[in-house]
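Engineer: The structure file start27.cif (mmCIF, C-alpha atoms) is provided below.
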```cif
data_my_file
loop_
_atom_site.label_atom_id
_atom_site.label_comp_id
_atom_site.auth_asym_id
_atom_site.auth_seq_id
_atom_site.Cartn_x
_atom_site.Cartn_y
_atom_site.Cartn_z
CA MET A 1 -1.93 35.10 16.51
CA LYS A 2 -3.56 37.52 14.08
CA PRO A 3 -2.59 37.24 10.43
CA LYS A 4 -0.53 40.01 8.85
CA PHE A 5 -2.36 41.90 6.13
CA GLU A 6 -0.90 44.03 3.30
CA VAL A 7 -2.36 46.40 0.71
CA ASN A 8 -3.33 44.58 -2.54
CA GLN A 9 -3.52 41.24 -0.69
CA ARG A 10 -6.43 39.00 -1.67
CA VAL A 11 -8.56 38.08 1.33
CA TRP A 12 -11.95 36.53 2.05
CA VAL A 13 -15.01 38.18 3.59
CA SER A 14 -17.88 36.22 5.09
CA VAL A 15 -21.41 37.46 5.72
CA ARG A 16 -23.37 36.20 8.71
CA ASN A 17 -26.92 36.97 9.79
CA THR A 18 -26.69 37.71 13.54
CA VAL A 19 -30.43 37.40 14.12
CA GLU A 20 -31.19 34.04 12.55
CA GLN A 21 -29.14 31.09 11.40
CA SER A 22 -27.75 31.50 7.90
CA LYS A 23 -25.80 29.42 5.41
CA PRO A 24 -22.06 30.04 5.02
CA TYR A 25 -21.33 32.72 2.42
CA ILE A 26 -17.92 34.07 1.47
CA THR A 27 -16.51 36.32 -1.27
CA GLU A 28 -13.03 37.26 -2.39
CA HIS A 29 -11.89 40.83 -1.67
CA ILE A 30 -8.72 42.86 -2.03
CA ILE A 31 -7.22 45.07 0.69
CA THR A 32 -7.18 48.69 -0.46
CA ARG A 33 -5.64 50.40 2.57
CA ILE A 34 -4.60 49.81 6.16
CA GLU A 35 -4.86 52.38 8.92
CA LYS A 36 -4.29 52.27 12.68
CA GLY A 37 -7.84 51.23 13.58
CA GLY A 38 -9.04 49.57 10.42
CA ILE A 39 -8.40 47.48 7.35
CA TYR A 40 -10.28 48.48 4.20
CA ALA A 41 -11.19 45.90 1.58
CA ARG A 42 -13.46 45.75 -1.46
CA PRO A 43 -14.83 42.95 -3.63
CA LEU A 44 -12.63 42.25 -6.66
CA ASN A 45 -15.08 43.71 -9.19
CA HIS A 46 -16.47 46.60 -7.11
CA LEU A 47 -15.27 49.97 -5.86
CA HIS A 48 -17.15 50.06 -2.53
CA GLU A 49 -14.80 49.63 0.43
CA ARG A 50 -15.77 48.12 3.74
CA ARG A 51 -13.88 48.95 6.95
CA PHE A 52 -12.94 46.11 9.27
CA HIS A 53 -11.92 46.78 12.87
CA THR A 54 -8.37 45.56 13.45
CA ASN A 55 -9.21 44.07 16.87
CA THR A 56 -12.17 41.94 15.77
CA MET A 57 -11.72 41.69 11.98
CA THR A 58 -15.44 42.50 11.69
CA SER A 59 -17.60 45.16 10.09
CA LYS A 60 -21.19 45.67 11.29
CA HIS A 61 -23.49 48.66 11.43
CA LYS A 62 -25.60 48.90 14.60
CA SER A 63 -28.85 48.90 12.64
CA SER A 64 -27.90 45.94 10.44
CA LYS A 65 -28.44 42.27 11.21
CA TYR A 66 -25.45 41.30 9.05
CA GLU A 67 -21.88 40.95 10.26
CA PHE A 68 -18.97 40.90 7.82
CA ARG A 69 -15.74 39.18 8.87
CA LEU A 70 -12.31 39.37 7.25
CA TRP A 71 -10.36 36.12 6.74
CA ALA A 72 -6.76 35.73 5.59
CA SER A 73 -7.55 32.39 3.93
CA VAL A 74 -10.58 30.45 2.83
CA GLU A 75 -9.34 27.51 4.93
CA ASP A 76 -9.65 29.60 8.12
CA PHE A 77 -13.24 30.41 7.18
CA TRP A 78 -14.26 26.79 6.57
CA LYS A 79 -12.61 25.74 9.84
CA ALA A 80 -14.77 28.31 11.65
CA VAL A 81 -17.86 26.96 9.87
CA GLU A 82 -16.99 23.42 11.03
CA GLU A 83 -16.58 24.73 14.59
CA GLY A 84 -20.08 26.23 14.53
CA PHE A 85 -19.39 29.90 13.70
CA TYR A 86 -22.56 30.03 11.58
CA GLY A 87 -24.66 28.03 14.01
CA LYS A 88 -24.61 30.78 16.64
CA SER A 89 -27.14 33.56 16.57
CA LYS A 90 -27.82 36.36 19.04
CA GLN A 91 -31.28 36.45 20.57
#
```
Could you render the structure as structure tokens?
Structural biologist:
Amino acid sequence: MKPKFEVNQRVWVSVRNTVEQSKPYITEHIITRIEKGGIYARPLNHLHERRFHTNTMTSKHKSSKYEFRLWASVEDFWKAVEEGFYGKSKQ
């Protein structure tokens, strides 16, 4: 079941290197708007928004090796880390 998100909700965004193994990294964001195909969030002290696809909760440009993932809670993120989310890299 996908979490329900609302505008002004505080959420967590992780950054993962898809080419090589990287250490877990997460920052707090706030949801700025929600549209049919995307959820927009920005870091608490920044104005730059990032769009996350509603189906995958991810944001990644084709030319970038970094994938950003939206999490409803920090606990969900650390559970994914324990299950090996950061140990997987595409080759």
Engineer: Expand the PyMOL selection byres ((chain A and resi 28) around 9) into the individual residues it matches in the shown file, reporting them as a list in words.
Structural biologist: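 Checking the PyMOL selection byres ((chain A and resi 28) around 9) against this file, the residues are Arg10, Val11, Trp12, Val13, Ser14, Ile26, Thr27, His29, Ile30, Arg42, Pro43, Leu44 and Val74 of chain A.
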Engineer: When you draw a straight line from atom CA of A:Ile34 to atom CA of A:Val7, how long is it in Å?
Structural biologist: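 So the answer is 6.8 Å.
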Engineer: Name the residues captured by the PyMOL selection byres ((chain A and resi 56-69) around 9) when it is applied to the shown file; answer as a list in words.
Structural biologist: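 With the PyMOL selection byres ((chain A and resi 56-69) around 9) on this model, the match is Trp12, Val13, Ser14, Val15, Arg16, Asn17, Thr18, Val19, Glu20, Gly38, Ile39, Arg50, Arg51, Phe52, His53, Thr54, Asn55, Leu70 and Trp71 of chain A.
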Engineer: Mind pulling up the distance from atom CA of A:Pro3 to atom CA of A:Glu35?
Structural biologist: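 If I compute the distance from atom CA of A:Glu35 to atom CA of A:Pro3, I get 15.4 Å.
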Engineer: Taking 3 positions as the minimum chain separation for residues in the same chain, which residues sit within 8 Å of A:Phe5 when counting only C-alpha atoms? Answer as JSON, numbers by chain.
Structural biologist: {"A": [9, 31, 72]}
Engineer: Report, in Å to a single decimal, how far apart atom CA of A:Gln21 and atom CA of A:Lys79 are.
Structural biologist: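 Value for the atom CA of A:Lys79-atom CA of A:Gln21 distance: 17.4 Å.
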Engineer: With distances taken over all atoms listed in the file, which of A:Glu49, A:Tyr40, A:Arg33, A:Pro24 is nearest to A:Trp78?
Structural biologist: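 Among A:Glu49, A:Tyr40, A:Arg33, A:Pro24, it is A:Pro24 that comes nearest to A:Trp78.
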Engineer: Around all of stretch 28-36 of chain A's listed atoms, make the axis-aligned box with 3 Å on each side and tell me centre and edge lengths in Å to one decimal, as lines of an AutoDock Vina configuration file.
Structural biologist:
```
center_x = -8.7
center_y = 44.8
center_z = 5.1
size_x = 14.7
size_y = 21.1
size_z = 21.1
```
